[in-house]
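Peer 1: entry.txt is reproduced below (compact mmCIF, C-alpha atoms and all ligand atoms).
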# COMPACT_ATOMS: atom_id res chain seq x y z
CA MET A 1 16.40 -16.68 -25.49
CA PHE A 2 13.08 -17.22 -23.61
CA LYS A 3 12.16 -20.74 -22.59
CA PRO A 4 8.68 -21.85 -21.48
CA VAL A 5 8.26 -22.92 -17.84
CA GLN A 6 6.41 -26.15 -17.04
CA SER A 7 3.30 -26.07 -14.86
CA HIS A 8 3.41 -27.76 -11.47
CA PRO A 9 1.28 -30.95 -11.45
CA LYS A 10 -0.20 -30.41 -7.92
CA THR A 11 -2.01 -27.22 -8.90
CA VAL A 12 -5.70 -27.48 -8.01
CA VAL A 13 -6.80 -24.16 -9.47
CA GLU A 14 -7.57 -24.51 -13.14
CA THR A 15 -5.84 -21.64 -14.78
CA GLN A 16 -3.38 -21.00 -17.55
CA TYR A 17 -0.40 -19.48 -15.76
CA LEU A 18 1.69 -16.88 -17.53
CA THR A 19 5.37 -17.47 -18.11
CA VAL A 20 8.13 -15.39 -16.53
CA PRO A 21 10.86 -14.63 -19.07
CA ARG A 22 14.01 -16.69 -18.61
CA ILE A 23 17.37 -15.48 -19.78
CA GLU A 24 20.61 -17.37 -20.10
CA PRO A 25 22.72 -14.37 -20.74
CA GLU A 26 26.01 -14.10 -22.41
CA LEU A 27 28.17 -11.40 -20.94
CA PRO A 28 27.70 -8.49 -20.54
CA VAL A 29 24.30 -9.05 -18.90
CA GLN A 30 23.98 -5.78 -16.99
CA GLN A 31 22.44 -3.73 -19.79
CA LEU A 32 20.03 -6.51 -20.78
CA PHE A 33 18.90 -6.90 -17.15
CA PHE A 34 18.50 -3.15 -16.57
CA GLU A 35 16.72 -2.30 -19.80
CA GLY A 36 14.54 -5.39 -19.98
CA TYR A 37 13.59 -5.92 -16.35
CA GLN A 38 15.04 -3.76 -13.56
CA ARG A 39 14.07 -0.36 -15.01
CA GLU A 40 10.35 -1.21 -15.29
CA GLY A 41 10.25 -3.76 -12.47
CA ILE A 42 9.55 -6.98 -14.38
CA PRO A 43 10.40 -10.40 -12.90
CA VAL A 44 12.91 -12.56 -14.70
CA VAL A 45 14.67 -15.86 -14.12
CA ILE A 46 18.40 -15.63 -14.74
CA ALA A 47 20.21 -18.88 -15.38
CA GLY A 48 23.89 -19.54 -15.80
CA LEU A 49 25.43 -16.99 -13.42
CA LEU A 50 25.67 -19.15 -10.27
CA GLY A 51 27.46 -22.17 -11.75
CA ASN A 52 26.54 -25.63 -10.39
CA MET A 53 25.19 -24.87 -6.95
CA ASN A 54 24.82 -27.76 -4.54
CA TRP A 55 24.40 -26.62 -0.96
CA ASN A 56 23.11 -29.99 0.24
CA LEU A 57 22.45 -30.84 3.89
CA GLU A 58 25.92 -32.36 4.41
CA TYR A 59 27.64 -29.27 3.04
CA LEU A 60 25.51 -26.90 5.13
CA SER A 61 25.94 -28.99 8.31
CA GLN A 62 29.72 -29.11 7.89
CA THR A 63 29.95 -25.40 7.12
CA LEU A 64 27.47 -23.90 9.57
CA LYS A 65 27.82 -26.49 12.39
CA ASP A 66 26.98 -24.71 15.64
CA VAL A 67 25.90 -21.38 14.21
CA GLU A 68 22.57 -20.49 15.84
CA PHE A 69 19.52 -19.49 13.82
CA PRO A 70 15.95 -18.50 14.73
CA VAL A 71 13.84 -21.30 13.26
CA ARG A 72 10.11 -20.87 12.63
CA PHE A 73 7.67 -23.50 13.89
CA TYR A 74 4.65 -23.09 11.61
CA GLY A 75 2.78 -26.36 12.27
CA ARG A 76 0.95 -28.15 9.45
CA GLU A 77 -2.52 -27.17 10.68
CA ARG A 78 -1.74 -23.51 10.00
CA TYR A 79 -2.53 -23.75 6.29
CA GLU A 80 -5.83 -25.47 7.02
CA GLN A 81 -7.05 -22.37 8.81
CA ASP A 82 -8.86 -19.37 7.39
CA LYS A 83 -6.10 -16.75 7.20
CA ARG A 84 -8.50 -14.16 8.63
CA GLU A 85 -8.15 -16.00 11.95
CA TRP A 86 -4.37 -15.71 12.01
CA LYS A 87 -2.87 -13.50 14.68
CA SER A 88 0.69 -13.85 13.42
CA ILE A 89 2.32 -14.21 10.04
CA GLY A 90 5.85 -14.64 8.62
CA SER A 91 8.42 -13.63 11.24
CA GLY A 92 5.56 -13.29 13.78
CA VAL A 93 5.12 -17.08 14.16
CA ALA A 94 6.66 -19.11 17.02
CA VAL A 95 10.45 -19.03 16.80
CA ARG A 96 13.08 -21.18 18.54
CA THR A 97 16.82 -20.72 18.38
CA LEU A 98 18.61 -23.84 17.14
CA THR A 99 22.12 -24.56 15.92
CA PHE A 100 22.24 -25.51 12.25
CA CYS A 101 23.14 -29.09 13.20
CA GLN A 102 20.10 -29.35 15.51
CA TYR A 103 17.88 -28.13 12.69
CA ALA A 104 19.55 -30.54 10.24
CA GLU A 105 18.55 -33.38 12.60
CA LEU A 106 14.90 -32.25 12.42
CA LEU A 107 15.15 -32.33 8.63
CA ARG A 108 16.77 -35.79 8.59
CA SER A 109 14.28 -37.32 11.05
CA GLY A 110 11.28 -35.97 9.11
CA GLU A 111 10.09 -33.84 12.06
CA ALA A 112 10.68 -30.61 10.14
CA ALA A 113 8.43 -31.88 7.33
CA ALA A 114 5.77 -33.22 9.71
CA LYS A 115 5.56 -29.99 11.72
CA ASP A 116 6.45 -27.54 8.93
CA ILE A 117 9.56 -26.18 10.64
CA TYR A 118 11.36 -23.67 8.40
CA LEU A 119 14.61 -21.76 8.67
CA ALA A 120 13.52 -18.53 7.04
CA ARG A 121 15.28 -15.29 6.23
CA CYS A 122 18.27 -15.89 8.50
CA ALA A 123 21.13 -13.44 8.15
CA LEU A 124 24.37 -15.10 7.04
CA VAL A 125 26.47 -12.20 8.30
CA ASN A 126 29.12 -13.38 10.81
CA THR A 127 28.85 -16.98 9.57
CA PRO A 128 31.26 -18.94 7.33
CA LEU A 129 28.82 -18.26 4.47
CA ALA A 130 28.73 -14.48 4.95
CA THR A 131 30.46 -13.95 1.65
CA VAL A 132 29.87 -16.31 -1.22
CA PRO A 133 32.15 -15.21 -4.08
CA ILE A 134 30.01 -16.65 -6.88
CA VAL A 135 26.90 -14.94 -5.49
CA ALA A 136 28.70 -11.60 -5.16
CA GLN A 137 30.02 -12.03 -8.69
CA ALA A 138 26.54 -12.79 -10.09
CA GLU A 139 25.05 -9.77 -8.32
CA ALA A 140 27.83 -7.56 -9.68
CA GLN A 141 27.25 -8.92 -13.19
CA LEU A 142 23.61 -7.86 -12.91
CA GLY A 143 24.73 -4.40 -11.80
CA LEU A 144 22.85 -4.63 -8.46
CA LYS A 145 24.22 -1.87 -6.28
CA PHE A 146 22.34 -0.86 -3.14
CA PRO A 147 21.72 -3.82 -0.77
CA VAL A 148 19.20 -3.35 2.05
CA ILE A 149 20.49 -6.17 4.27
CA PRO A 150 23.19 -8.87 4.01
CA LEU A 151 22.58 -12.24 2.39
CA SER A 152 19.80 -14.35 4.00
CA LEU A 153 19.45 -18.13 4.15
CA TRP A 154 16.23 -20.10 3.60
CA VAL A 155 16.27 -23.86 4.36
CA GLY A 156 13.35 -26.22 4.74
CA PRO A 157 11.71 -29.53 3.98
CA GLY A 158 9.74 -30.04 0.78
CA GLY A 159 6.12 -28.97 1.11
CA HIS A 160 6.61 -25.69 2.98
CA THR A 161 4.78 -22.65 1.62
CA SER A 162 5.83 -19.07 2.34
CA CYS A 163 2.38 -17.64 1.79
CA LEU A 164 1.39 -14.93 -0.65
CA HIS A 165 2.97 -11.55 0.14
CA TYR A 166 5.02 -8.77 -1.40
CA ASP A 167 8.15 -6.92 -0.29
CA PRO A 168 8.64 -3.16 -0.51
CA MET A 169 12.12 -3.70 -1.99
CA ASP A 170 13.50 -5.57 -4.96
CA GLY A 171 14.59 -9.12 -4.15
CA VAL A 172 16.75 -11.71 -5.82
CA LEU A 173 16.06 -15.30 -4.78
CA MET A 174 18.93 -17.68 -5.60
CA GLN A 175 18.36 -21.42 -5.66
CA MET A 176 21.18 -23.40 -4.03
CA HIS A 177 19.66 -26.90 -3.62
CA GLY A 178 16.33 -28.49 -4.62
CA SER A 179 13.61 -26.56 -6.41
CA LYS A 180 10.88 -24.07 -5.56
CA ARG A 181 7.58 -23.22 -7.19
CA ILE A 182 6.80 -19.53 -7.18
CA LEU A 183 3.49 -17.91 -8.08
CA LEU A 184 3.76 -14.21 -8.95
CA PHE A 185 1.14 -11.48 -9.34
CA PRO A 186 1.92 -7.91 -10.47
CA PRO A 187 1.47 -4.91 -8.12
CA SER A 188 -1.60 -3.88 -10.15
CA GLN A 189 -3.47 -6.81 -8.52
CA LEU A 190 -3.01 -5.44 -4.97
CA TYR A 191 -6.71 -5.14 -4.16
CA ASN A 192 -7.78 -8.23 -6.14
CA LEU A 193 -5.54 -10.17 -3.74
CA TYR A 194 -7.26 -8.91 -0.58
CA PRO A 195 -4.25 -7.75 1.45
CA PHE A 196 -4.70 -7.53 5.21
CA SER A 197 -5.51 -3.99 6.31
CA VAL A 198 -2.63 -1.69 7.26
CA TRP A 199 -4.49 -0.99 10.51
CA LYS A 200 -3.71 -4.59 11.64
CA HIS A 201 -0.26 -3.25 12.52
CA LEU A 202 -1.71 -1.15 15.35
CA ARG A 203 -2.90 -4.28 17.10
CA TYR A 204 -0.23 -6.81 16.10
CA GLY A 205 2.85 -4.68 15.37
CA LEU A 206 5.07 -6.59 12.96
CA LYS A 207 3.69 -10.00 13.98
CA HIS A 208 1.01 -9.57 11.34
CA ARG A 209 1.58 -7.58 8.19
CA ALA A 210 -0.44 -5.76 5.56
CA VAL A 211 1.84 -7.12 2.84
CA TYR A 212 0.20 -10.57 3.12
CA SER A 213 -2.84 -11.70 1.14
CA GLN A 214 -5.87 -13.29 2.79
CA VAL A 215 -6.26 -15.68 -0.17
CA TYR A 216 -4.81 -19.16 -0.65
CA PRO A 217 -4.06 -18.94 -4.38
CA ASP A 218 -4.21 -22.72 -4.94
CA ARG A 219 -7.59 -23.16 -3.19
CA PRO A 220 -9.27 -19.77 -3.16
CA ASP A 221 -12.55 -19.09 -1.42
CA TYR A 222 -14.28 -17.30 -4.29
CA ALA A 223 -17.35 -16.52 -2.17
CA ALA A 224 -15.22 -14.53 0.28
CA PHE A 225 -12.72 -13.20 -2.27
CA PRO A 226 -14.54 -12.91 -5.64
CA LYS A 227 -12.08 -10.45 -7.21
CA PHE A 228 -9.33 -13.07 -6.91
CA LYS A 229 -10.64 -14.51 -10.22
CA GLN A 230 -9.42 -11.35 -11.95
CA ALA A 231 -6.03 -11.61 -10.24
CA LEU A 232 -5.64 -15.18 -11.53
CA GLU A 233 -5.63 -13.88 -15.10
CA HIS A 234 -2.35 -12.13 -14.21
CA CYS A 235 -0.69 -15.01 -12.36
CA TYR A 236 2.77 -16.23 -13.38
CA GLU A 237 4.28 -19.56 -12.35
CA VAL A 238 8.01 -20.28 -12.11
CA ILE A 239 9.85 -23.45 -11.15
CA LEU A 240 13.22 -22.27 -9.84
CA ASN A 241 16.00 -24.85 -10.08
CA PRO A 242 19.51 -24.93 -8.56
CA GLY A 243 21.82 -22.30 -10.01
CA GLU A 244 18.92 -20.06 -11.09
CA MET A 245 18.11 -16.59 -9.79
CA LEU A 246 14.67 -14.97 -9.71
CA PHE A 247 14.40 -11.18 -9.74
CA ILE A 248 11.26 -10.24 -7.74
CA PRO A 249 10.64 -6.50 -8.13
CA ALA A 250 9.18 -4.50 -5.21
CA GLY A 251 5.41 -4.83 -4.97
CA TRP A 252 5.23 -8.10 -6.91
CA TRP A 253 3.24 -10.66 -4.91
CA HIS A 254 4.89 -14.03 -4.50
CA GLU A 255 4.00 -17.36 -2.90
CA VAL A 256 6.95 -19.73 -2.60
CA THR A 257 6.64 -23.51 -2.15
CA THR A 258 9.53 -25.93 -1.63
CA LEU A 259 9.26 -28.94 -3.93
CA GLY A 260 10.16 -32.63 -3.52
CA ASP A 261 10.86 -34.78 -0.45
CA GLY A 262 14.35 -33.56 0.42
CA MET A 263 15.85 -30.39 1.86
CA VAL A 264 15.49 -27.23 -0.21
CA CYS A 265 17.87 -24.28 0.17
CA SER A 266 18.00 -20.76 -1.24
CA VAL A 267 19.71 -17.52 -0.40
CA ASN A 268 18.33 -14.10 -1.16
CA ARG A 269 19.17 -10.46 -0.85
CA TRP A 270 16.92 -7.41 -0.92
CA TRP A 271 17.94 -4.30 -2.83
CA HIS A 272 16.79 -0.69 -2.70
CA VAL A 273 14.49 -0.11 -5.63
CA TYR A 274 16.42 1.25 -8.59
CA PRO A 275 15.87 3.46 -10.52
CA ILE A 276 14.47 5.82 -7.92
CA GLY A 277 11.53 6.84 -10.16
CA ARG A 278 10.10 3.30 -9.94
CA SER A 279 10.51 3.44 -6.18
CA LEU A 280 8.64 6.74 -5.87
CA ARG A 281 5.76 5.52 -8.07
CA SER A 282 5.24 2.29 -6.10
CA TRP A 283 2.01 2.63 -4.08
CA SER A 284 2.50 -0.91 -2.71
CA LYS A 285 5.82 0.19 -1.24
CA TRP A 286 4.41 3.32 0.46
CA ARG A 287 1.51 1.31 1.78
CA ALA A 288 3.92 -1.23 3.36
CA HIS A 289 5.99 1.55 4.94
CA PHE A 290 2.85 3.20 6.31
CA GLY A 291 1.91 -0.16 7.89
CA SER A 292 5.35 -0.43 9.50
CA LEU A 293 4.96 3.09 10.86
CA LEU A 294 1.64 2.11 12.43
CA ALA A 295 3.48 -0.77 14.14
CA THR A 296 5.69 1.65 16.09
CA PRO A 297 3.61 1.92 19.32
CA HIS A 298 3.39 -1.90 19.48
CA ILE A 299 7.17 -2.24 18.93
CA VAL A 300 7.98 0.37 21.60
CA TRP A 301 5.62 -1.36 24.03
CA ASN A 302 7.25 -4.76 23.33
CA LEU A 303 10.69 -3.23 23.71
CA LEU A 304 9.81 -1.83 27.13
CA SER A 305 8.26 -5.16 28.19
CA ALA A 306 11.35 -7.04 26.96
CA LEU A 307 13.62 -4.77 28.99
CA GLN A 308 11.63 -5.59 32.11
CA SER A 309 11.45 -9.31 31.43
CA ASP A 310 13.62 -12.01 33.05
CA GLN A 311 14.66 -13.16 29.59
CA VAL A 312 15.75 -9.82 28.17
CA THR A 313 18.20 -11.27 25.62
CA ARG A 314 15.74 -13.83 24.22
CA GLU A 315 12.88 -11.33 24.00
CA LEU A 316 15.10 -8.71 22.38
CA SER A 317 16.52 -11.12 19.82
CA GLN A 318 12.99 -12.22 18.82
CA LEU A 319 11.98 -8.59 18.43
CA LEU A 320 15.04 -7.87 16.29
CA GLN A 321 14.33 -10.90 14.12
CA ARG A 322 10.85 -9.54 13.40
CA LEU A 323 12.23 -6.13 12.49
O1 LIG A 401 11.87 -18.87 -0.21
C1 LIG A 401 10.94 -18.55 0.51
O2 LIG A 401 10.36 -19.37 1.24
C2 LIG A 401 10.44 -17.15 0.50
C3 LIG A 401 11.34 -16.22 -0.22
C4 LIG A 401 10.80 -14.83 -0.30
O3 LIG A 401 9.73 -14.52 0.15
C5 LIG A 401 11.61 -13.81 -0.98
O4 LIG A 401 12.67 -14.15 -1.52
O5 LIG A 401 11.20 -12.63 -0.96
Go ahead and render the structure in this file as structure tokens.

Peer 2:
Amino acid sequence: MFKPVQSHPKTVVETQYLTVPRIEPELPVQQLFFEGYQREGIPVVIAGLLGNMNWNLEYLSQTLKDVEFPVRFYGRERYEQDKREWKSIGSGVAVRTLTFCQYAELLRSGEAAAKDIYLARCALVNTPLATVPIVAQAEAQLGLKFPVIPLSLWVGPGGHTSCLHYDPMDGVLMQMHGSKRILLFPPSQLYNLYPFSVWKHLRYGLKHRAVYSQVYPDRPDYAAFPKFKQALEHCYEVILNPGEMLFIPAGWWHEVTTLGDGMVCSVNRWWHVYPIGRSLRSWSKWRAHFGSLLATPHIVWNLLSALQSDQVTRELSQLLQRL
């Protein structure tokens, strides 16, 4: 039932990655998923529930056409910098609103790859892809019940990295086109991964978050982050291919890199942690919520500034995107 996962050839850190279990379940899968993985919060790759997914650029362009999305302009130099100098992270980076077709042009021309422009975590609600029957069916087969937000879309060029972080909810990442490499560390490694302080939220609101690690796992600065060596002993590597789903339990650290030269597309959904006992025991989750609470004065201040600005709608939509 479990198949080994191949290591990615570009890895520069010399380590023996652990293997995430992979199941190709026969029905019914719900009990297997709950008892083996969801109850204790253990990542697993699930193959065979999404059929032959192929959301290539042509399909997405024809389906999403003029739907507007907030697209993140990371810039290639970003990952050359010491993360401790960053003033924004994730949804805090520069965002521009583009139609899907405009973004598709940036992918086709190579500009998205050159400047690391990524369409990240965009809600599919109110778009032609708001409901995807095979996705809903797969989620139901796994017995997932309490969604936090609607389905989100992730599209980008090969070579983009969503840097190491964790989410305070369970997530299921579903691969629709191209492949992704995911590194995973368990919640027990929280402090060996040097998360940014929760107090950062006071200064930066939600532009900079305590759920991100200061370490680049593929080229760590051991002098600055010596305990990362211990974390590496607990690092899992997954190559996620089209049609596969990865269950990422709350608190599990993940760094996600798009592979290859072409466009890579996934959808994901976050779920309230179930069973509730696992949720209550998760220190990583409480820590993330405490950080968000500390962001409140900054958010209120930004909200008031946005209301007074000439570009109220744009400012408000950027604020909402961050939330
Ligand atoms: O696919 C990505 O770039 C990041 C996905 C992610 O962070 C997640 O699914 O929680």

Peer 1: Kindly compute an axis-aligned box around the listed atoms of ligand LIG 401 (chain A), allowing 8 Å on each side, and express its centre and edge lengths in Å to one decimal as JSON.

Peer 2:
{"center_x": 11.2, "center_y": -16.0, "center_z": -0.1, "size_x": 18.9, "size_y": 22.7, "size_z": 18.8}

Peer 1: Give the answer as one residue: which of A:Trp253, A:Phe225, A:Phe100, A:Phe247 has the shortest atom-to-atom distance to Met174 in chain A, using only C-alpha atoms?

Peer 2: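 For Met174 in chain A, the nearest of the candidates is A:Phe247.
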
Peer 1: To check your reading of the model: which residues sit at most 8 Å from ligand LIG 401 (chain A) when counting only C-alpha atoms and all ligand atoms? Write the answer as a ChimeraX atom specification.

Peer 2: /A:120-121,154,160-162,165-167,171-173,180,248,254-258,266-270

Peer 1: Could you save those same residues with C-alpha atoms as a PDB file, in the frame of the given file?

Peer 2:
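selection.pdb, freshly written:
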ATOM      1  CA  ALA A 120      13.520 -18.530   7.040  1.00  0.00           C
ATOM      2  CA  ARG A 121      15.280 -15.290   6.230  1.00  0.00           C
ATOM      3  CA  TRP A 154      16.230 -20.100   3.600  1.00  0.00           C
ATOM      4  CA  HIS A 160       6.610 -25.690   2.980  1.00  0.00           C
ATOM      5  CA  THR A 161       4.780 -22.650   1.620  1.00  0.00           C
ATOM      6  CA  SER A 162       5.830 -19.070   2.340  1.00  0.00           C
ATOM      7  CA  HIS A 165       2.970 -11.550   0.140  1.00  0.00           C
ATOM      8  CA  TYR A 166       5.020  -8.770  -1.400  1.00  0.00           C
ATOM      9  CA  ASP A 167       8.150  -6.920  -0.290  1.00  0.00           C
ATOM     10  CA  GLY A 171      14.590  -9.120  -4.150  1.00  0.00           C
ATOM     11  CA  VAL A 172      16.750 -11.710  -5.820  1.00  0.00           C
ATOM     12  CA  LEU A 173      16.060 -15.300  -4.780  1.00  0.00           C
ATOM     13  CA  LYS A 180      10.880 -24.070  -5.560  1.00  0.00           C
ATOM     14  CA  ILE A 248      11.260 -10.240  -7.740  1.00  0.00           C
ATOM     15  CA  HIS A 254       4.890 -14.030  -4.500  1.00  0.00           C
ATOM     16  CA  GLU A 255       4.000 -17.360  -2.900  1.00  0.00           C
ATOM     17  CA  VAL A 256       6.950 -19.730  -2.600  1.00  0.00           C
ATOM     18  CA  THR A 257       6.640 -23.510  -2.150  1.00  0.00           C
ATOM     19  CA  THR A 258       9.530 -25.930  -1.630  1.00  0.00           C
ATOM     20  CA  SER A 266      18.000 -20.760  -1.240  1.00  0.00           C
ATOM     21  CA  VAL A 267      19.710 -17.520  -0.400  1.00  0.00           C
ATOM     22  CA  ASN A 268      18.330 -14.100  -1.160  1.00  0.00           C
ATOM     23  CA  ARG A 269      19.170 -10.460  -0.850  1.00  0.00           C
ATOM     24  CA  TRP A 270      16.920  -7.410  -0.920  1.00  0.00           C
TER      25      TRP A 270
END

Peer 1: Closest to Glu14 in chain A among A:Pro275, A:Arg219, A:Phe33, A:Pro195, using only C-alpha atoms?

Peer 2: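 Selected residue with least distance to Glu14 in chain A: A:Arg219.
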
Peer 1: Could you give me, as a tab-separated table, a per-residue list for range 142-223 of chain A showing, wherever an atom lies at most 10 Å from an atom of range 278-282 of chain A, the closest pair of atoms and their distance in Å to one decimal, using all atoms listed in the file and sorting by chain then residue number from low to high?

Peer 2:
residue	atom	partner	partner_atom	distance
A:Pro168	CA	A:Ser282	CA	8.5
A:Met169	CA	A:Ser279	CA	8.4
A:Asp170	CA	A:Ser279	CA	9.6
A:Pro187	CA	A:Ser282	CA	8.4

Peer 1: Between A:Pro25, A:Gly156, A:Pro43, A:Gly291, which is the closest to Tyr74 in chain A once you count only C-alpha atoms?

Peer 2: A:Gly156

Peer 1: Using only C-alpha atoms, which of A:Val20, A:Met53, A:Ile42, A:Leu151 sits nearest Glu139 in chain A?

Peer 2: A:Leu151

Peer 1: For a test of reading the model, state the distance in Å between CA of Trp252 in chain A and CA of Ile276 in chain A, rounded to one decimal.

Peer 2: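 That distance, rounded to one decimal, is 16.7 Å.
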
Peer 1: Please, what distance in Å, to one decimal, runs between CA of Glu233 in chain A and CA of Gly251 in chain A?

Peer 2: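 Value for the CA of Glu233 in chain A-CA of Gly251 in chain A distance: 17.5 Å.
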
Peer 1: What is the distance between CA of Ala47 in chain A and CA of Leu183 in chain A, in Å to one decimal?

Peer 2: 18.3 Å

Peer 1: Set the distance at 12 Å and use all atoms listed in the file: which residues neighbour Ile134 in chain A once local chain neighbours fewer than 6 positions away are removed? I'd like the list as a list in words.

Peer 2: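 Surrounding residues, per the criterion: Gly48, Leu49, Leu50, Gly51, Asn52, Met53, Ala140, Gln141, Met174, Met176 and Gly243 of chain A.
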
Peer 1: Got a sec: who's within 12 Å of Val198 in chain A, counting all atoms listed in the file, leaving out chain neighbours fewer than 5 positions off, as a PyMOL selection string?

Peer 2: chain A and resi 203-206+208-213+284+286-295

Peer 1: How would the residues just picked look written out with C-alpha atoms as a short mmCIF file (atom, residue, chain, number, x, y, z; two decimals), in the frame of the given file?

Peer 2:
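out_31.cif, written as the output of this step:
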data_model
loop_
_atom_site.label_atom_id
_atom_site.label_comp_id
_atom_site.auth_asym_id
_atom_site.auth_seq_id
_atom_site.Cartn_x
_atom_site.Cartn_y
_atom_site.Cartn_z
CA ARG A 203 -2.90 -4.28 17.10
CA TYR A 204 -0.23 -6.81 16.10
CA GLY A 205 2.85 -4.68 15.37
CA LEU A 206 5.07 -6.59 12.96
CA HIS A 208 1.01 -9.57 11.34
CA ARG A 209 1.58 -7.58 8.19
CA ALA A 210 -0.44 -5.76 5.56
CA VAL A 211 1.84 -7.12 2.84
CA TYR A 212 0.20 -10.57 3.12
CA SER A 213 -2.84 -11.70 1.14
CA SER A 284 2.50 -0.91 -2.71
CA TRP A 286 4.41 3.32 0.46
CA ARG A 287 1.51 1.31 1.78
CA ALA A 288 3.92 -1.23 3.36
CA HIS A 289 5.99 1.55 4.94
CA PHE A 290 2.85 3.20 6.31
CA GLY A 291 1.91 -0.16 7.89
CA SER A 292 5.35 -0.43 9.50
CA LEU A 293 4.96 3.09 10.86
CA LEU A 294 1.64 2.11 12.43
CA ALA A 295 3.48 -0.77 14.14
#

Peer 1: Using only C-alpha atoms, can you tell me which of A:Gly262, A:Lys200, A:Leu307, A:Gly277 comes closest to Lys87 in chain A?

Peer 2: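 Checking each candidate against Lys87 in chain A, we get A:Lys200 as the closest.
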
Peer 1: Counting only C-alpha atoms, which residue out of A:Glu68, A:Glu40, A:Glu58, A:Glu85 sits closest to Ser317 in chain A?

Peer 2: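 Selected residue with least distance to Ser317 in chain A: A:Glu68.
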